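Participant: run.csv is reproduced below (CSV, C-alpha atoms and all ligand atoms).
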```csv
chain,number,residue,atom,x,y,z
X,1,MET,CA,114.8,112.1,132.3
X,2,ASN,CA,116.8,111.2,135.4
X,3,ILE,CA,115.4,111.4,139.0
X,4,VAL,CA,117.1,114.7,139.8
X,5,ASP,CA,115.6,116.4,136.7
X,6,ARG,CA,112.2,114.9,137.6
X,7,ILE,CA,112.4,116.2,141.2
X,8,LEU,CA,113.4,119.6,140.0
X,9,THR,CA,110.6,119.7,137.5
X,10,ILE,CA,108.1,118.7,140.2
X,11,VAL,CA,109.4,121.2,142.7
X,12,VAL,CA,109.3,124.0,140.2
X,13,THR,CA,105.8,123.0,139.1
X,14,ALA,CA,104.5,122.7,142.6
X,15,THR,CA,106.0,126.0,143.6
X,16,ILE,CA,104.7,127.9,140.6
X,17,THR,CA,101.2,126.3,141.1
X,18,SER,CA,101.2,127.3,144.7
X,19,ILE,CA,102.3,130.8,144.1
X,20,VAL,CA,99.7,131.4,141.4
X,21,TRP,CA,96.9,130.2,143.7
X,22,ILE,CA,98.1,132.1,146.7
X,23,VAL,CA,98.2,135.2,144.6
X,24,ALA,CA,94.8,134.4,143.3
X,25,GLY,CA,93.5,133.8,146.8
X,26,GLY,CA,92.0,130.5,145.7
X,27,SER,CA,93.1,128.4,148.7
X,28,LEU,CA,90.5,125.7,148.4
X,29,ILE,CA,91.3,125.1,144.7
X,30,GLU,CA,95.0,125.2,145.5
X,31,ASN,CA,94.8,122.2,147.8
X,32,ALA,CA,92.9,120.2,145.3
X,33,THR,CA,95.2,121.1,142.4
X,34,SER,CA,98.5,120.7,144.1
X,35,GLU,CA,97.5,117.5,145.9
X,36,SER,CA,96.3,115.8,142.7
X,37,GLN,CA,99.4,117.0,140.9
X,38,ARG,CA,101.7,115.5,143.5
X,39,LYS,CA,99.8,112.3,143.5
X,40,ASN,CA,100.3,112.0,139.8
X,41,THR,CA,103.8,113.0,139.4
X,42,ARG,CA,105.8,113.1,142.6
X,43,PRO,CA,108.2,110.2,143.4
X,44,ALA,CA,107.3,109.1,146.9
X,45,GLU,CA,111.0,108.7,147.9
X,46,VAL,CA,111.4,112.4,148.1
X,47,ALA,CA,108.2,113.0,150.1
X,48,PRO,CA,108.0,114.8,152.4
X,49,SER,CA,110.5,117.2,151.0
X,50,PRO,CA,110.5,120.7,152.5
X,51,GLU,CA,111.4,122.3,149.1
X,52,ALA,CA,108.3,120.9,147.5
X,53,THR,CA,105.9,122.1,150.2
X,54,PRO,CA,106.2,125.8,150.1
X,55,THR,CA,102.8,126.6,151.6
X,56,GLY,CA,103.5,125.3,155.1
X,57,ASP,CA,101.9,122.8,157.6
X,58,GLU,CA,98.9,122.0,155.6
X,59,THR,CA,100.8,120.7,152.6
X,60,ALA,CA,103.4,119.0,154.8
X,61,GLU,CA,100.6,116.9,156.2
X,62,GLU,CA,99.4,116.1,152.8
X,63,ALA,CA,102.8,115.0,151.7
X,64,ALA,CA,103.3,112.9,154.8
X,65,GLY,CA,100.0,111.2,154.2
X,66,LEU,CA,101.1,110.4,150.7
X,67,ASP,CA,103.5,107.7,151.9
X,68,THR,CA,100.7,105.6,153.3
X,69,ALA,CA,98.1,106.6,150.7
X,70,MET,CA,100.1,105.6,147.7
X,71,PRO,CA,101.8,102.3,148.4
X,72,THR,CA,101.9,101.1,144.8
X,73,SER,CA,103.9,103.7,143.1
X,74,PRO,CA,106.9,103.7,145.4
X,75,ALA,CA,106.9,99.9,145.5
X,76,GLN,CA,107.2,99.8,141.8
X,77,ASN,CA,110.1,102.2,141.8
X,78,ALA,CA,111.8,100.4,144.6
X,79,SER,CA,111.5,97.0,143.0
X,80,ASN,CA,113.6,98.2,140.1
X,81,ARG,CA,116.3,99.6,142.2
X,82,LEU,CA,118.5,97.4,144.3
X,83,LEU,CA,119.4,98.4,147.8
X,84,ILE,CA,123.1,99.2,148.1
X,85,PRO,CA,124.3,96.1,149.9
X,86,VAL,CA,126.8,97.8,152.2
X,87,LYS,CA,125.7,99.9,155.1
X,88,ASN,CA,126.4,103.6,155.1
X,89,ILE,CA,127.3,103.7,151.5
X,90,ARG,CA,125.6,106.3,149.3
X,91,ILE,CA,125.1,106.3,145.6
X,92,SER,CA,127.8,108.9,145.2
X,93,ASP,CA,130.3,106.5,146.9
X,94,LEU,CA,129.9,103.9,144.1
X,95,THR,CA,132.2,103.5,141.1
X,96,ASP,CA,131.2,101.5,138.1
X,97,THR,CA,133.9,98.8,137.9
X,98,PHE,CA,131.9,96.3,135.8
X,99,SER,CA,134.0,96.6,132.7
X,100,ASP,CA,137.4,96.7,134.4
X,101,SER,CA,139.7,93.9,133.4
X,102,ARG,CA,140.8,91.3,135.9
X,103,GLY,CA,143.2,88.4,135.8
X,104,GLU,CA,145.8,90.4,133.8
X,105,GLY,CA,143.3,91.4,131.2
X,106,VAL,CA,142.1,87.9,130.3
X,107,ARG,CA,138.6,88.6,131.6
X,108,LEU,CA,136.2,91.3,132.7
X,109,HIS,CA,135.3,92.1,136.3
X,110,GLU,CA,131.5,91.8,135.6
X,111,ALA,CA,130.7,93.0,139.1
X,112,ILE,CA,131.0,96.1,141.3
X,113,ASP,CA,133.5,96.5,144.1
X,114,ILE,CA,132.0,98.5,147.0
X,115,MET,CA,134.8,99.7,149.2
X,116,ALA,CA,134.2,99.8,152.9
X,117,PRO,CA,136.1,99.2,156.1
X,118,THR,CA,136.4,95.5,157.3
X,119,GLY,CA,133.5,94.7,159.5
X,120,THR,CA,130.9,97.0,157.8
X,121,SER,CA,127.6,95.3,157.5
X,122,VAL,CA,126.7,93.6,154.2
X,123,VAL,CA,122.9,93.6,153.6
X,124,ALA,CA,120.7,91.9,151.0
X,125,ALA,CA,120.2,94.1,147.9
X,126,ALA,CA,116.9,92.4,147.3
X,127,PRO,CA,114.8,89.6,148.8
X,128,GLY,CA,115.4,86.0,148.0
X,129,THR,CA,116.7,82.7,149.3
X,130,VAL,CA,120.3,81.9,150.4
X,131,GLU,CA,121.1,79.2,148.0
X,132,LYS,CA,124.8,78.6,148.8
X,133,LEU,CA,127.4,79.7,151.3
X,134,PHE,CA,130.6,78.9,149.4
X,135,ARG,CA,134.2,79.4,150.4
X,136,SER,CA,136.4,79.7,147.3
X,137,ASP,CA,140.0,80.6,146.7
X,138,ALA,CA,139.1,83.7,144.6
X,139,GLY,CA,135.9,84.8,146.3
X,140,GLY,CA,136.7,83.9,149.9
X,141,ASN,CA,133.5,83.8,151.9
X,142,THR,CA,130.7,84.1,149.3
X,143,ILE,CA,126.9,84.1,149.4
X,144,TYR,CA,124.6,83.2,146.5
X,145,VAL,CA,121.1,84.6,147.0
X,146,ARG,CA,118.5,83.6,144.4
X,147,SER,CA,115.5,85.9,143.7
X,148,ASN,CA,112.0,84.7,144.4
X,149,ASP,CA,111.3,84.2,140.7
X,150,GLY,CA,114.4,82.1,140.5
X,151,GLU,CA,115.9,84.0,137.6
X,152,THR,CA,118.4,86.2,139.3
X,153,ILE,CA,121.3,85.4,141.6
X,154,HIS,CA,123.0,88.0,143.7
X,155,TYR,CA,126.6,87.1,144.5
X,156,TYR,CA,128.4,88.6,147.5
X,157,ALA,CA,132.1,87.9,147.9
X,158,HIS,CA,135.2,88.6,150.0
X,159,LEU,CA,133.1,88.7,153.2
X,160,ASP,CA,135.0,88.8,156.5
X,161,GLU,CA,132.2,86.8,158.3
X,162,TYR,CA,128.8,85.5,157.6
X,163,ALA,CA,125.9,86.8,159.8
X,164,GLU,CA,125.4,84.6,162.8
X,165,GLY,CA,123.0,81.8,162.0
X,166,LEU,CA,122.9,82.5,158.3
X,167,LYS,CA,122.3,79.2,156.5
X,168,GLU,CA,121.5,77.8,153.1
X,169,GLY,CA,117.8,77.6,152.3
X,170,GLN,CA,117.1,80.6,154.5
X,171,ARG,CA,114.8,83.3,153.1
X,172,VAL,CA,116.1,86.8,153.4
X,173,ARG,CA,114.4,90.2,153.0
X,174,ARG,CA,115.7,93.3,151.3
X,175,GLY,CA,118.1,94.9,153.8
X,176,GLN,CA,118.6,91.9,155.9
X,177,ARG,CA,122.2,91.6,157.3
X,178,LEU,CA,124.2,88.9,155.6
X,179,GLY,CA,127.6,89.4,157.0
X,180,THR,CA,130.5,91.8,157.0
X,181,VAL,CA,132.8,93.4,154.5
X,182,GLY,CA,136.3,91.9,154.4
X,183,SER,CA,139.1,90.8,152.2
X,184,SER,CA,138.8,87.0,152.1
X,185,GLY,CA,139.8,85.2,149.0
X,186,ASN,CA,142.0,87.1,146.5
X,187,ALA,CA,141.1,90.6,147.7
X,188,SER,CA,143.8,92.9,149.0
X,189,GLU,CA,143.8,93.4,152.8
X,190,GLU,CA,144.6,97.0,152.2
X,191,ALA,CA,141.4,97.4,150.2
X,192,PRO,CA,138.6,95.5,151.9
X,193,HIS,CA,135.4,95.6,149.8
X,194,LEU,CA,132.3,93.8,148.8
X,195,HIS,CA,132.4,92.2,145.4
X,196,PHE,CA,128.8,92.2,144.3
X,197,ALA,CA,127.5,90.6,141.1
X,198,VAL,CA,124.1,90.3,139.5
X,199,LEU,CA,123.7,87.1,137.5
X,200,GLN,CA,120.8,86.3,135.2
X,201,THR,CA,120.0,82.7,135.1
X,202,THR,CA,117.1,80.3,134.8
X,203,ALA,CA,115.0,78.9,137.6
X,204,ASP,CA,116.2,75.3,136.9
X,205,ALA,CA,119.9,76.2,136.6
X,206,GLU,CA,122.2,75.5,139.6
X,207,TRP,CA,124.0,78.3,141.4
X,208,TRP,CA,127.4,77.3,140.0
X,209,GLU,CA,126.3,77.1,136.3
X,210,PRO,CA,127.4,79.8,133.9
X,211,ALA,CA,125.1,82.8,134.0
X,212,ASN,CA,124.8,86.1,132.4
X,213,ALA,CA,126.3,88.9,134.5
X,214,VAL,CA,124.6,92.3,134.3
X,215,ASN,CA,126.0,95.5,135.5
X,216,PRO,CA,124.9,96.2,139.0
X,217,TYR,CA,125.8,99.9,138.9
X,218,PRO,CA,122.7,101.2,137.1
X,219,LEU,CA,120.6,98.9,139.2
X,220,LEU,CA,122.0,100.4,142.4
X,221,THR,CA,122.0,104.0,141.3
X,222,GLY,CA,118.6,104.0,139.4
X,223,GLN,CA,120.3,105.3,136.3
X,224,GLN,CA,118.7,102.9,133.9
R,301,ZN,ZN,135.4,92.6,142.5
```
Before anything else, please render the file you have as structure tokens.
Ligand SMILES: [Zn+2]
Facilitator:
Amino acid sequence: MNIVDRILTIVVTATITSIVWIVAGGSLIENATSESQRKNTRPAEVAPSPEATPTGDETAEEAAGLDTAMPTSPAQNASNRLLIPVKNIRISDLTDTFSDSRGEGVRLHEAIDIMAPTGTSVVAAAPGTVEKLFRSDAGGNTIYVRSNDGETIHYYAHLDEYAEGLKEGQRVRRGQRLGTVGSSGNASEEAPHLHFAVLQTTADAEWWEPANAVNPYPLLTGQQ
């Protein structure tokens, strides 16, 4: 079941539950019931959602309190999903280009191209350590960020500029600014974009060693 279906289900359930209890006049029981239901089933990202709080101020406060009261469940959801590493880009702006062919069909793209104007901020999709700032003919200005467990490398390419002061060995948090979108390397100047790859490796393998590319698209959109 995808997230939209889940939210719809929860909204409908919460609404029906509320209506039933309002009609029954059981306001005390209503609070207990709907609150526990939300705690069990509601994704915290959508809280506080006006559609899901049909009974007014009281439930809105409950929903707002949920963010601080339930830190574990949203954290688990968020750890699976990567932050879109370009500012002001929404899920609906993304196109899955992982299986596109490149190099006149001799290889697969194995990354996602996120189109954005030159100068748009590039941010870290997940926390980690900047392992390498590498300027290559193909990738232009690139960044390799290794995850804290050492087994994933996020590769950012075609940057216009690195963030000021960014250096190898630096720890970065999720959402931290890494640089700006550009068209350095073999990218077209008419189509500036961030080339973003997710590489599965091992903790003892170097940043330049062959690694297994996984499709970033479902990781960015939550459609896993
Ligand atoms: Zn690309």
Participant: Which residues sit within 10 Å of ligand ZN 301 (chain R), counting all atoms listed in the file, listed as a VMD selection string?
Facilitator: chain X and resid 97 to 98 100 102 108 to 115 138 to 139 156 to 158 186 to 187 193 to 197
Participant: Could you tell me how far atom CA of Leu178 of chain X lies from atom CA of Gln200 of chain X, in Å and to one decimal?
Facilitator: 20.8 Å
Participant: From the list X:Ser101, X:Ser183, X:Asn212, X:Thr129, which residue is nearest Ala116 of chain X when using all atoms listed in the file?
Facilitator: X:Ser183
Participant: Suppose you want the space between atom CA of Leu166 of chain X and atom CA of Ile84 of chain X; what is it in Å?
Facilitator: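 If I compute the distance from atom CA of Leu166 of chain X to atom CA of Ile84 of chain X, I get 19.6 Å.
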Participant: Report, in Å to a single decimal, how far apart atom CA of Ala124 of chain X and atom CA of Thr201 of chain X are.
Facilitator: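 Straight-line distance from atom CA of Thr201 of chain X to atom CA of Ala124 of chain X works out to 18.4 Å.
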Participant: Could you check the closest approach to Glu161 of chain X for each of X:Ser184, X:Ser136, X:Gln176, X:Ser147 and tell me which residue wins, using all atoms listed in the file?
Facilitator: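 Checking each candidate against Glu161 of chain X, we get X:Ser184 as the closest.
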Participant: Counting all atoms listed in the file, figure out which residue out of X:Glu131, X:Lys87, X:His154, X:Thr118 gets nearest to Pro216 of chain X.
Facilitator: X:His154
Participant: Restricting the calculation to only C-alpha atoms: of X:Ile143, X:Ile153, X:Val172, X:Ala163, which residue gets closest to Glu209 of chain X?
Facilitator: X:Ile153
Participant: So which residues touch segment 204-207 of chain X within 9 Å, counting only C-alpha atoms, skipping near sequence neighbours fewer than 6 positions away, as a VMD selection string?
Facilitator: chain X and resid 131 to 132 144 to 146 150 to 151 153
